[in-house]
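One file, target36.pdb, carrying PDB, C-alpha atoms, pLDDT in the B column:
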```pdb
ATOM      1  CA  MET K 215       9.022-157.617 144.268  1.00 52.00           C
ATOM      2  CA  ILE K 216       8.585-159.035 147.791  1.00 58.00           C
ATOM      3  CA  GLU K 217      11.651-158.146 149.856  1.00 68.00           C
ATOM      4  CA  ARG K 218      11.033-160.751 152.542  1.00 82.00           C
ATOM      5  CA  LEU K 219       9.117-164.030 152.292  1.00 89.00           C
ATOM      6  CA  GLU K 220       8.913-166.744 154.919  1.00 92.00           C
ATOM      7  CA  ILE K 221       8.122-170.246 153.745  1.00 95.00           C
ATOM      8  CA  THR K 222       5.236-171.363 155.937  1.00 96.00           C
ATOM      9  CA  ARG K 223       2.136-173.464 155.476  1.00 97.00           C
ATOM     10  CA  GLU K 224       0.134-170.236 155.357  1.00 97.00           C
ATOM     11  CA  THR K 225       2.230-168.539 152.655  1.00 96.00           C
ATOM     12  CA  ILE K 226       2.011-171.671 150.508  1.00 97.00           C
ATOM     13  CA  GLU K 227      -1.719-172.332 150.951  1.00 97.00           C
ATOM     14  CA  SER K 228      -2.685-168.659 150.598  1.00 96.00           C
ATOM     15  CA  GLY K 229      -0.883-168.407 147.257  1.00 95.00           C
ATOM     16  CA  GLN K 230       1.595-165.809 148.527  1.00 94.00           C
ATOM     17  CA  LEU K 231       4.542-167.999 147.560  1.00 94.00           C
ATOM     18  CA  GLU K 232       3.038-168.572 144.097  1.00 95.00           C
ATOM     19  CA  GLU K 233       2.596-164.821 143.625  1.00 93.00           C
ATOM     20  CA  PHE K 234       6.257-164.362 144.518  1.00 91.00           C
ATOM     21  CA  LEU K 235       7.254-167.013 141.973  1.00 92.00           C
ATOM     22  CA  ILE K 236       5.110-165.446 139.249  1.00 93.00           C
ATOM     23  CA  ASP K 237       6.811-162.120 139.861  1.00 90.00           C
ATOM     24  CA  VAL K 238      10.234-163.766 139.778  1.00 88.00           C
ATOM     25  CA  GLU K 239       9.329-165.538 136.530  1.00 91.00           C
ATOM     26  CA  LYS K 240       8.352-162.201 134.925  1.00 91.00           C
ATOM     27  CA  ARG K 241      11.854-160.971 135.749  1.00 87.00           C
ATOM     28  CA  GLY K 242      13.352-163.941 133.882  1.00 87.00           C
ATOM     29  CA  LEU K 243      14.820-165.544 137.004  1.00 86.00           C
ATOM     30  CA  LEU K 244      12.714-168.710 137.061  1.00 87.00           C
ATOM     31  CA  ASP K 245      11.049-171.123 134.654  1.00 90.00           C
ATOM     32  CA  ARG K 246       7.974-171.862 136.737  1.00 94.00           C
ATOM     33  CA  SER K 247       6.373-175.275 136.385  1.00 96.00           C
ATOM     34  CA  SER K 248       2.670-175.459 135.574  1.00 95.00           C
ATOM     35  CA  LEU K 249       0.109-176.528 138.159  1.00 95.00           C
ATOM     36  CA  GLU K 250      -0.778-179.385 135.776  1.00 97.00           C
ATOM     37  CA  TYR K 251       2.817-180.628 135.797  1.00 97.00           C
ATOM     38  CA  ARG K 252       2.911-180.511 139.584  1.00 97.00           C
ATOM     39  CA  GLU K 253      -0.366-182.437 139.815  1.00 97.00           C
ATOM     40  CA  GLN K 254       0.832-185.090 137.352  1.00 98.00           C
ATOM     41  CA  THR K 255       4.174-185.664 139.075  1.00 98.00           C
ATOM     42  CA  GLN K 256       2.517-185.738 142.492  1.00 98.00           C
ATOM     43  CA  LYS K 257       0.032-188.368 141.338  1.00 97.00           C
ATOM     44  CA  LYS K 258       2.841-190.407 139.813  1.00 97.00           C
ATOM     45  CA  ALA K 259       4.760-190.410 143.108  1.00 98.00           C
ATOM     46  CA  ILE K 260       1.667-191.363 145.108  1.00 98.00           C
ATOM     47  CA  SER K 261       0.941-194.223 142.674  1.00 97.00           C
ATOM     48  CA  HIS K 262       3.986-196.082 144.016  1.00 97.00           C
ATOM     49  CA  PHE K 263       2.114-196.614 147.296  1.00 97.00           C
ATOM     50  CA  ASP K 264      -0.810-198.966 147.846  1.00 96.00           C
ATOM     51  CA  PRO K 265      -4.131-197.155 148.467  1.00 94.00           C
ATOM     52  CA  SER K 266      -4.161-198.420 152.047  1.00 92.00           C
ATOM     53  CA  GLU K 267      -0.608-197.242 152.806  1.00 95.00           C
ATOM     54  CA  ASP K 268       0.364-194.059 154.581  1.00 98.00           C
ATOM     55  CA  ILE K 269       2.982-192.107 152.653  1.00 98.00           C
ATOM     56  CA  TRP K 270       6.491-191.292 153.811  1.00 98.00           C
ATOM     57  CA  LEU K 271       8.452-188.166 152.903  1.00 98.00           C
ATOM     58  CA  PHE K 272      12.250-188.069 153.279  1.00 98.00           C
ATOM     59  CA  ALA K 273      13.724-184.759 154.467  1.00 98.00           C
ATOM     60  CA  TYR K 274      17.393-183.829 154.146  1.00 98.00           C
ATOM     61  CA  GLY K 275      17.454-180.000 153.996  1.00 97.00           C
ATOM     62  CA  SER K 276      14.956-177.314 154.944  1.00 96.00           C
ATOM     63  CA  LEU K 277      12.173-179.891 155.348  1.00 98.00           C
ATOM     64  CA  LEU K 278      14.092-181.098 158.414  1.00 98.00           C
ATOM     65  CA  TRP K 279      13.446-177.900 160.352  1.00 96.00           C
ATOM     66  CA  ASN K 280      10.526-176.440 158.431  1.00 97.00           C
ATOM     67  CA  PRO K 281       8.313-179.300 157.183  1.00 97.00           C
ATOM     68  CA  THR K 282       5.105-177.196 156.787  1.00 97.00           C
ATOM     69  CA  ILE K 283       2.967-180.376 156.763  1.00 98.00           C
ATOM     70  CA  ALA K 284       0.938-182.477 159.179  1.00 97.00           C
ATOM     71  CA  TYR K 285       2.533-185.849 159.926  1.00 98.00           C
ATOM     72  CA  GLU K 286       1.899-188.779 162.244  1.00 98.00           C
ATOM     73  CA  GLU K 287       5.413-190.020 162.961  1.00 97.00           C
ATOM     74  CA  ILE K 288       9.107-189.311 162.391  1.00 97.00           C
ATOM     75  CA  ARG K 289      11.758-191.957 161.806  1.00 98.00           C
ATOM     76  CA  LEU K 290      15.470-191.622 161.206  1.00 98.00           C
ATOM     77  CA  GLY K 291      16.187-192.661 157.638  1.00 98.00           C
ATOM     78  CA  HIS K 292      19.345-193.603 155.748  1.00 98.00           C
ATOM     79  CA  LEU K 293      19.249-193.249 151.972  1.00 98.00           C
ATOM     80  CA  PHE K 294      21.843-194.977 149.810  1.00 98.00           C
ATOM     81  CA  GLY K 295      22.723-193.865 146.283  1.00 98.00           C
ATOM     82  CA  PHE K 296      22.365-190.128 146.972  1.00 98.00           C
ATOM     83  CA  HIS K 297      24.243-187.604 149.072  1.00 97.00           C
ATOM     84  CA  ARG K 298      23.352-184.145 150.401  1.00 97.00           C
ATOM     85  CA  ARG K 299      25.220-181.303 148.642  1.00 97.00           C
ATOM     86  CA  PHE K 300      24.972-177.568 148.055  1.00 98.00           C
ATOM     87  CA  CYS K 301      24.642-177.903 144.304  1.00 97.00           C
ATOM     88  CA  LEU K 302      21.586-175.849 143.308  1.00 96.00           C
ATOM     89  CA  GLN K 303      22.169-172.201 142.475  1.00 95.00           C
ATOM     90  CA  THR K 304      19.444-169.821 143.610  1.00 93.00           C
ATOM     91  CA  LEU K 305      18.847-166.308 142.313  1.00 90.00           C
ATOM     92  CA  LEU K 306      15.658-165.645 144.224  1.00 85.00           C
ATOM     93  CA  GLY K 307      15.330-167.467 147.554  1.00 87.00           C
ATOM     94  CA  ARG K 308      18.566-167.186 149.487  1.00 94.00           C
ATOM     95  CA  GLY K 309      20.425-165.326 146.789  1.00 93.00           C
ATOM     96  CA  THR K 310      20.022-162.599 144.177  1.00 92.00           C
ATOM     97  CA  PRO K 311      20.987-162.228 140.501  1.00 91.00           C
ATOM     98  CA  GLU K 312      23.929-160.109 141.643  1.00 93.00           C
ATOM     99  CA  CYS K 313      24.995-162.583 144.338  1.00 95.00           C
ATOM    100  CA  PRO K 314      23.588-166.067 143.666  1.00 95.00           C
ATOM    101  CA  GLY K 315      23.306-168.465 146.563  1.00 97.00           C
ATOM    102  CA  LEU K 316      23.425-172.236 146.818  1.00 97.00           C
ATOM    103  CA  MET K 317      20.762-174.613 148.130  1.00 96.00           C
ATOM    104  CA  LEU K 318      20.913-178.242 149.176  1.00 97.00           C
ATOM    105  CA  ALA K 319      19.782-181.054 146.919  1.00 97.00           C
ATOM    106  CA  LEU K 320      20.335-184.769 146.718  1.00 98.00           C
ATOM    107  CA  ASP K 321      23.033-185.537 144.163  1.00 98.00           C
ATOM    108  CA  TYR K 322      23.883-188.976 142.879  1.00 96.00           C
ATOM    109  CA  GLY K 323      26.272-191.293 144.723  1.00 97.00           C
ATOM    110  CA  GLY K 324      27.100-191.932 148.366  1.00 97.00           C
ATOM    111  CA  SER K 325      24.479-191.871 151.095  1.00 98.00           C
ATOM    112  CA  CYS K 326      22.485-189.434 153.218  1.00 98.00           C
ATOM    113  CA  LYS K 327      20.888-189.529 156.666  1.00 98.00           C
ATOM    114  CA  GLY K 328      17.750-187.556 157.395  1.00 98.00           C
ATOM    115  CA  LEU K 329      14.191-187.742 158.677  1.00 98.00           C
ATOM    116  CA  ALA K 330      11.222-189.631 157.283  1.00 98.00           C
ATOM    117  CA  TYR K 331       7.765-188.187 157.964  1.00 98.00           C
ATOM    118  CA  ARG K 332       4.734-190.485 157.877  1.00 98.00           C
ATOM    119  CA  ILE K 333       1.724-188.718 156.377  1.00 98.00           C
ATOM    120  CA  ALA K 334      -1.727-190.213 156.986  1.00 98.00           C
ATOM    121  CA  ARG K 335      -3.116-191.479 153.697  1.00 97.00           C
ATOM    122  CA  LYS K 336      -6.383-189.562 154.084  1.00 97.00           C
ATOM    123  CA  LEU K 337      -4.375-186.329 154.314  1.00 97.00           C
ATOM    124  CA  ALA K 338      -1.616-187.238 151.886  1.00 97.00           C
ATOM    125  CA  GLU K 339      -2.964-185.619 148.722  1.00 96.00           C
ATOM    126  CA  ASN K 340      -3.413-182.231 150.372  1.00 97.00           C
ATOM    127  CA  GLU K 341      -0.209-182.371 152.417  1.00 98.00           C
ATOM    128  CA  LEU K 342       1.864-183.388 149.417  1.00 98.00           C
ATOM    129  CA  ARG K 343       0.272-180.623 147.331  1.00 98.00           C
ATOM    130  CA  ILE K 344       1.754-178.202 149.859  1.00 98.00           C
ATOM    131  CA  ILE K 345       5.153-179.835 149.405  1.00 98.00           C
ATOM    132  CA  TRP K 346       4.854-179.831 145.607  1.00 98.00           C
ATOM    133  CA  ASN K 347       3.933-176.134 145.585  1.00 97.00           C
ATOM    134  CA  ARG K 348       7.100-175.528 147.555  1.00 96.00           C
ATOM    135  CA  GLU K 349       9.658-177.942 146.074  1.00 96.00           C
ATOM    136  CA  MET K 350       8.451-178.656 142.526  1.00 97.00           C
ATOM    137  CA  VAL K 351       7.810-175.102 141.342  1.00 96.00           C
ATOM    138  CA  SER K 352      10.463-175.409 138.625  1.00 93.00           C
ATOM    139  CA  ASN K 353      12.412-178.272 137.093  1.00 92.00           C
ATOM    140  CA  SER K 354      15.295-177.941 139.563  1.00 95.00           C
ATOM    141  CA  TYR K 355      14.265-181.106 141.407  1.00 97.00           C
ATOM    142  CA  VAL K 356      13.045-184.512 140.339  1.00 97.00           C
ATOM    143  CA  ALA K 357      10.557-186.259 142.628  1.00 98.00           C
ATOM    144  CA  LYS K 358      11.711-189.786 143.395  1.00 98.00           C
ATOM    145  CA  VAL K 359      10.389-192.715 145.382  1.00 98.00           C
ATOM    146  CA  VAL K 360      13.341-194.264 147.200  1.00 98.00           C
ATOM    147  CA  ARG K 361      14.071-197.015 149.706  1.00 98.00           C
ATOM    148  CA  LEU K 362      15.237-195.945 153.154  1.00 98.00           C
ATOM    149  CA  LYS K 363      16.934-197.962 155.845  1.00 98.00           C
ATOM    150  CA  THR K 364      15.353-197.217 159.240  1.00 97.00           C
ATOM    151  CA  GLU K 365      15.641-198.574 162.777  1.00 94.00           C
ATOM    152  CA  THR K 366      12.413-200.548 162.247  1.00 94.00           C
ATOM    153  CA  GLY K 367      13.160-201.849 158.765  1.00 96.00           C
ATOM    154  CA  PRO K 368      13.122-200.563 155.185  1.00 97.00           C
ATOM    155  CA  LEU K 369      10.433-198.273 153.862  1.00 96.00           C
ATOM    156  CA  LYS K 370       9.486-196.380 150.700  1.00 97.00           C
ATOM    157  CA  ALA K 371       9.564-192.597 150.732  1.00 98.00           C
ATOM    158  CA  ILE K 372       9.181-189.661 148.405  1.00 98.00           C
ATOM    159  CA  THR K 373      12.103-187.269 148.156  1.00 98.00           C
ATOM    160  CA  PHE K 374      13.550-184.678 145.788  1.00 98.00           C
ATOM    161  CA  ALA K 375      16.833-185.114 143.905  1.00 98.00           C
ATOM    162  CA  ILE K 376      18.678-182.593 141.774  1.00 97.00           C
ATOM    163  CA  ASN K 377      17.863-182.379 138.100  1.00 97.00           C
ATOM    164  CA  ARG K 378      21.332-182.385 136.586  1.00 97.00           C
ATOM    165  CA  GLU K 379      19.901-181.067 133.308  1.00 95.00           C
ATOM    166  CA  ASN K 380      18.763-177.865 134.994  1.00 94.00           C
ATOM    167  CA  LYS K 381      20.907-174.818 134.233  1.00 92.00           C
ATOM    168  CA  ARG K 382      21.063-174.006 137.953  1.00 94.00           C
ATOM    169  CA  TYR K 383      22.851-177.279 138.773  1.00 96.00           C
ATOM    170  CA  SER K 384      26.311-176.208 139.922  1.00 96.00           C
ATOM    171  CA  GLY K 385      27.985-179.613 139.828  1.00 93.00           C
ATOM    172  CA  LYS K 386      30.507-180.742 142.405  1.00 92.00           C
ATOM    173  CA  LEU K 387      32.064-177.487 143.538  1.00 96.00           C
ATOM    174  CA  ALA K 388      35.082-177.550 145.849  1.00 97.00           C
ATOM    175  CA  ILE K 389      34.093-177.120 149.488  1.00 98.00           C
ATOM    176  CA  ASN K 390      36.037-173.850 149.798  1.00 98.00           C
ATOM    177  CA  LYS K 391      34.097-172.414 146.860  1.00 98.00           C
ATOM    178  CA  ILE K 392      30.806-173.515 148.433  1.00 98.00           C
ATOM    179  CA  ALA K 393      31.851-171.853 151.690  1.00 98.00           C
ATOM    180  CA  ASP K 394      32.641-168.599 149.857  1.00 98.00           C
ATOM    181  CA  VAL K 395      29.130-168.536 148.398  1.00 98.00           C
ATOM    182  CA  VAL K 396      27.232-169.685 151.495  1.00 98.00           C
ATOM    183  CA  ALA K 397      28.967-167.131 153.720  1.00 98.00           C
ATOM    184  CA  ILE K 398      27.827-164.084 151.750  1.00 97.00           C
ATOM    185  CA  SER K 399      24.607-165.002 149.945  1.00 97.00           C
ATOM    186  CA  LYS K 400      21.151-164.001 151.110  1.00 95.00           C
ATOM    187  CA  GLY K 401      17.780-163.160 149.588  1.00 92.00           C
ATOM    188  CA  PRO K 402      14.067-162.747 150.359  1.00 91.00           C
ATOM    189  CA  MET K 403      13.936-166.101 152.158  1.00 93.00           C
ATOM    190  CA  GLY K 404      17.010-165.531 154.306  1.00 94.00           C
ATOM    191  CA  SER K 405      20.715-166.302 154.191  1.00 96.00           C
ATOM    192  CA  CYS K 406      22.462-169.416 152.964  1.00 98.00           C
ATOM    193  CA  SER K 407      24.495-169.551 156.173  1.00 98.00           C
ATOM    194  CA  ASP K 408      21.353-169.704 158.345  1.00 97.00           C
ATOM    195  CA  TYR K 409      20.031-172.450 156.062  1.00 97.00           C
ATOM    196  CA  LEU K 410      23.236-174.423 156.626  1.00 98.00           C
ATOM    197  CA  PHE K 411      23.310-173.927 160.402  1.00 98.00           C
ATOM    198  CA  GLN K 412      19.610-174.765 160.854  1.00 98.00           C
ATOM    199  CA  THR K 413      20.075-177.981 158.898  1.00 98.00           C
ATOM    200  CA  ILE K 414      23.017-179.043 161.060  1.00 98.00           C
ATOM    201  CA  ASP K 415      21.157-178.102 164.261  1.00 98.00           C
ATOM    202  CA  LYS K 416      18.186-180.283 163.333  1.00 98.00           C
ATOM    203  CA  LEU K 417      20.380-183.223 162.371  1.00 98.00           C
ATOM    204  CA  THR K 418      22.219-182.883 165.687  1.00 98.00           C
ATOM    205  CA  GLU K 419      18.929-182.738 167.589  1.00 97.00           C
ATOM    206  CA  HIS K 420      18.128-186.197 166.208  1.00 97.00           C
ATOM    207  CA  GLY K 421      21.594-187.604 166.828  1.00 97.00           C
ATOM    208  CA  LEU K 422      22.598-187.442 163.155  1.00 97.00           C
ATOM    209  CA  THR K 423      25.867-186.121 161.755  1.00 95.00           C
ATOM    210  CA  ASP K 424      27.101-185.051 158.338  1.00 97.00           C
ATOM    211  CA  SER K 425      30.872-184.596 158.222  1.00 96.00           C
ATOM    212  CA  HIS K 426      30.715-182.608 154.970  1.00 96.00           C
ATOM    213  CA  LEU K 427      28.237-180.098 156.405  1.00 98.00           C
ATOM    214  CA  ASP K 428      30.214-179.853 159.650  1.00 98.00           C
ATOM    215  CA  LYS K 429      33.406-179.031 157.747  1.00 98.00           C
ATOM    216  CA  LEU K 430      31.518-176.565 155.573  1.00 98.00           C
ATOM    217  CA  ALA K 431      30.075-174.856 158.661  1.00 98.00           C
ATOM    218  CA  ARG K 432      33.573-174.348 160.085  1.00 98.00           C
ATOM    219  CA  LEU K 433      34.742-172.788 156.810  1.00 98.00           C
ATOM    220  CA  VAL K 434      31.672-170.538 156.635  1.00 98.00           C
ATOM    221  CA  GLN K 435      32.172-169.373 160.231  1.00 98.00           C
ATOM    222  CA  GLU K 436      35.709-168.337 159.328  1.00 98.00           C
ATOM    223  CA  ARG K 437      34.300-166.136 156.561  1.00 96.00           C
ATOM    224  CA  LEU K 438      31.521-164.459 158.522  1.00 93.00           C
TER     225      LEU K 438
END
```
Take the structure in the file and write it out as structure tokens.
Amino acid sequence: MIERLEITRETIESGQLEEFLIDVEKRGLLDRSSLEYREQTQKKAISHFDPSEDIWLFAYGSLLWNPTIAYEEIRLGHLFGFHRRFCLQTLLGRGTPECPGLMLALDYGGSCKGLAYRIARKLAENELRIIWNREMVSNSYVAKVVRLKTETGPLKAITFAINRENKRYSGKLAINKIADVVAISKGPMGSCSDYLFQTIDKLTEHGLTDSHLDKLARLVQERL
């Protein structure tokens, strides 16, 4: 079992992340999705864009500060109908079976501000494969094509929402309970608290705020 794994373009493309996931699956901690499933769902998402269009990717969590892809442009995006929440339990990334962590996902209702990355169409298939081999390695997320409001008008983007049917979906936990978990949980990919603080830092860098995350950060700091 790998004790420490950084999510980088290199660890994804080299297969190191996949090897980690295979090992985790053997331990019964993950139902890994097949490469065929990832290819099919990636193609389905891309099919929503005209062949001449560049493709946009909406980031709301770790993709904000660790995108791992080549992109041409960033725009601030506002997504309606989904909100950012720590609602995905993790036993392997920033948690362990003994002390599960929580990760961000888009849950239904409300709205969410984040970043939209424009990926050149000629690079899109390869760049999105990197994203799929990072985000769609189980059935925790559902790839969606959504409409964003931006400063230059609406645009389509791919993003990843929670799969509420997944057994790791934690539902709408009280913020104090989330803070309890985030303050103590860590795993091979780092701590949940660092994940939270890095997300807030990147939002702040772009002039974006999230009152829920800010309140959560204060509660986590009290517990550290």
Exercise. I would like the residues chosen by the PyMOL selection byres ((chain K and resi 245-262) around 6) on the shown file; could you give them as a PyMOL selection string?
Key: chain K and resi 244+263+351-352
Self-check item: Pick from K:Ile226, K:Ile398, K:Leu422, K:Val238, whichever lies nearest to K:Leu306 using only C-alpha atoms
Solution: K:Val238
Exercise. Please measure the separation of atom CA of K:Lys381 and atom CA of K:Val359, giving the value in Å to one decimal.
Key: 23.6 Å
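Look at K:Gly295: the protein and nucleic acid residues within 8 Å of it, using only C-alpha atoms and passing over chain neighbours fewer than 6 places away, are Tyr322, Gly323, Gly324 and Ser325 of chain K.
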Based on the selection just made, write C-alpha atoms of those residues as a tab-separated table (two decimals), in the frame of the given file.
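Below is the file that was written, out_21.tsv:
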```
chain	number	residue	atom	x	y	z
K	322	TYR	CA	23.88	-188.98	142.88
K	323	GLY	CA	26.27	-191.29	144.72
K	324	GLY	CA	27.10	-191.93	148.37
K	325	SER	CA	24.48	-191.87	151.10
```
Practice problem: Excluding K:Arg335 and any residue of its chain fewer than 5 positions from it, enumerate the residues within 10 Å of it, using all atoms listed in the file, and give them as a list in words. | Solution: Ile260, Phe263, Asp264, Pro265, Ser266, Glu267, Asp268, Ile269, Trp270, Asn340 and Glu341 of chain K
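If you look at atom CA of K:Trp279 and atom CA of K:His292, they are 17.4 Å away from each other.
Using all atoms listed in the file, the contacts of K:Gln303 at a cut-off of 7 Å, with sequence neighbours closer than 4 positions omitted, comprise Pro314, Gly315, Leu316, Met317, Arg382, Tyr383 and Ser384 of chain K.
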Next, the residues of the selection above should be written as an mmCIF file, in the frame of the given file with C-alpha atoms.
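This went into result_35.cif:
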```
data_model
loop_
_atom_site.group_PDB
_atom_site.id
_atom_site.type_symbol
_atom_site.label_atom_id
_atom_site.label_comp_id
_atom_site.auth_asym_id
_atom_site.auth_seq_id
_atom_site.Cartn_x
_atom_site.Cartn_y
_atom_site.Cartn_z
ATOM 1 C CA PRO K 314 23.588 -166.067 143.666
ATOM 2 C CA GLY K 315 23.306 -168.465 146.563
ATOM 3 C CA LEU K 316 23.425 -172.236 146.818
ATOM 4 C CA MET K 317 20.762 -174.613 148.130
ATOM 5 C CA ARG K 382 21.063 -174.006 137.953
ATOM 6 C CA TYR K 383 22.851 -177.279 138.773
ATOM 7 C CA SER K 384 26.311 -176.208 139.922
#
```
Exercise. Would you please work out which residue, of K:Lys416, K:Lys358, K:Lys363, K:Arg308, is nearest to K:Val396 when using all atoms listed in the file?
Key: K:Arg308
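The gap separating atom CA of K:Lys429 from atom CA of K:Leu305 is 24.7 Å, in Å to one decimal.
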If the PyMOL selection byres ((chain K and resi 427) around 10) were run on this exact file, what residues would it hold? Put them as an mmCIF file with C-alpha atoms, in the coordinates of the input.
```cif
data_model
loop_
_atom_site.group_PDB
_atom_site.id
_atom_site.type_symbol
_atom_site.label_atom_id
_atom_site.label_comp_id
_atom_site.auth_asym_id
_atom_site.auth_seq_id
_atom_site.Cartn_x
_atom_site.Cartn_y
_atom_site.Cartn_z
ATOM 1 C CA ARG K 298 23.352 -184.145 150.401
ATOM 2 C CA ARG K 299 25.220 -181.303 148.642
ATOM 3 C CA PHE K 300 24.972 -177.568 148.055
ATOM 4 C CA ILE K 389 34.093 -177.120 149.488
ATOM 5 C CA LEU K 410 23.236 -174.423 156.626
ATOM 6 C CA PHE K 411 23.310 -173.927 160.402
ATOM 7 C CA THR K 413 20.075 -177.981 158.898
ATOM 8 C CA ILE K 414 23.017 -179.043 161.060
ATOM 9 C CA THR K 423 25.867 -186.121 161.755
ATOM 10 C CA ASP K 424 27.101 -185.051 158.338
ATOM 11 C CA SER K 425 30.872 -184.596 158.222
ATOM 12 C CA HIS K 426 30.715 -182.608 154.970
ATOM 13 C CA ASP K 428 30.214 -179.853 159.650
ATOM 14 C CA LYS K 429 33.406 -179.031 157.747
ATOM 15 C CA LEU K 430 31.518 -176.565 155.573
ATOM 16 C CA ALA K 431 30.075 -174.856 158.661
ATOM 17 C CA ARG K 432 33.573 -174.348 160.085
ATOM 18 C CA LEU K 433 34.742 -172.788 156.810
#
```
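The nearest approach to K:Leu290 among the residues K:Thr366, K:Gln435, K:Thr373, K:Asn390, with all atoms listed in the file taken into account, belongs to K:Thr366.
Shortest atom-to-atom contact with K:Thr225 among K:Ile372, K:Leu243, K:Val434, K:Met403: K:Met403, counting all atoms listed in the file.
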Exercise. Apply the PyMOL selection byres ((chain K and resi 376) around 6) to the displayed file and report the matching residues as a PyMOL selection string.
Key: chain K and resi 319-321+355+375+377-378
Quiz item: Which one of K:Ala330, K:Ile344, K:Ala273, K:Cys406 sits closest to K:Ser228 if you count all atoms listed in the file?
Solution: K:Ile344
Could you complete stretch 280-294 of chain K so that it carries N, CA and C atoms, and give it back as a PDB file, keeping the file's coordinate frame?
```pdb
ATOM      1  N   ASN K 280      11.704-177.209 158.816  1.00 97.00           N
ATOM      2  CA  ASN K 280      10.526-176.440 158.431  1.00 97.00           C
ATOM      3  C   ASN K 280       9.648-177.298 157.517  1.00 97.00           C
ATOM      4  N   PRO K 281       9.042-178.361 158.049  1.00 97.00           N
ATOM      5  CA  PRO K 281       8.313-179.300 157.183  1.00 97.00           C
ATOM      6  C   PRO K 281       7.027-178.744 156.581  1.00 97.00           C
ATOM      7  N   THR K 282       6.343-177.853 157.252  1.00 97.00           N
ATOM      8  CA  THR K 282       5.105-177.196 156.787  1.00 97.00           C
ATOM      9  C   THR K 282       3.946-178.163 156.536  1.00 97.00           C
ATOM     10  N   ILE K 283       4.031-179.395 156.996  1.00 98.00           N
ATOM     11  CA  ILE K 283       2.967-180.376 156.763  1.00 98.00           C
ATOM     12  C   ILE K 283       2.561-181.031 158.076  1.00 98.00           C
ATOM     13  N   ALA K 284       1.395-181.666 158.050  1.00 97.00           N
ATOM     14  CA  ALA K 284       0.938-182.477 159.179  1.00 97.00           C
ATOM     15  C   ALA K 284       1.445-183.903 158.982  1.00 97.00           C
ATOM     16  N   TYR K 285       2.022-184.480 160.026  1.00 98.00           N
ATOM     17  CA  TYR K 285       2.533-185.849 159.926  1.00 98.00           C
ATOM     18  C   TYR K 285       2.245-186.594 161.220  1.00 98.00           C
ATOM     19  N   GLU K 286       2.260-187.922 161.123  1.00 98.00           N
ATOM     20  CA  GLU K 286       1.899-188.779 162.244  1.00 98.00           C
ATOM     21  C   GLU K 286       3.105-189.294 163.018  1.00 98.00           C
ATOM     22  N   GLU K 287       4.253-189.355 162.361  1.00 97.00           N
ATOM     23  CA  GLU K 287       5.413-190.020 162.961  1.00 97.00           C
ATOM     24  C   GLU K 287       6.673-189.558 162.247  1.00 97.00           C
ATOM     25  N   ILE K 288       7.790-189.575 162.978  1.00 97.00           N
ATOM     26  CA  ILE K 288       9.107-189.311 162.391  1.00 97.00           C
ATOM     27  C   ILE K 288       9.996-190.518 162.641  1.00 97.00           C
ATOM     28  N   ARG K 289      10.727-190.942 161.631  1.00 98.00           N
ATOM     29  CA  ARG K 289      11.758-191.957 161.806  1.00 98.00           C
ATOM     30  C   ARG K 289      13.071-191.451 161.207  1.00 98.00           C
ATOM     31  N   LEU K 290      14.176-191.897 161.801  1.00 98.00           N
ATOM     32  CA  LEU K 290      15.470-191.622 161.206  1.00 98.00           C
ATOM     33  C   LEU K 290      15.615-192.501 159.974  1.00 98.00           C
ATOM     34  N   GLY K 291      16.057-191.908 158.876  1.00 98.00           N
ATOM     35  CA  GLY K 291      16.187-192.661 157.638  1.00 98.00           C
ATOM     36  C   GLY K 291      17.574-192.524 157.033  1.00 98.00           C
ATOM     37  N   HIS K 292      18.046-193.599 156.416  1.00 98.00           N
ATOM     38  CA  HIS K 292      19.345-193.603 155.748  1.00 98.00           C
ATOM     39  C   HIS K 292      19.112-193.980 154.294  1.00 98.00           C
ATOM     40  N   LEU K 293      19.444-193.059 153.409  1.00 98.00           N
ATOM     41  CA  LEU K 293      19.249-193.249 151.972  1.00 98.00           C
ATOM     42  C   LEU K 293      20.589-193.549 151.319  1.00 98.00           C
ATOM     43  N   PHE K 294      20.625-194.613 150.536  1.00 98.00           N
ATOM     44  CA  PHE K 294      21.843-194.977 149.810  1.00 98.00           C
ATOM     45  C   PHE K 294      21.670-194.649 148.326  1.00 98.00           C
TER      46      PHE K 294
END
```
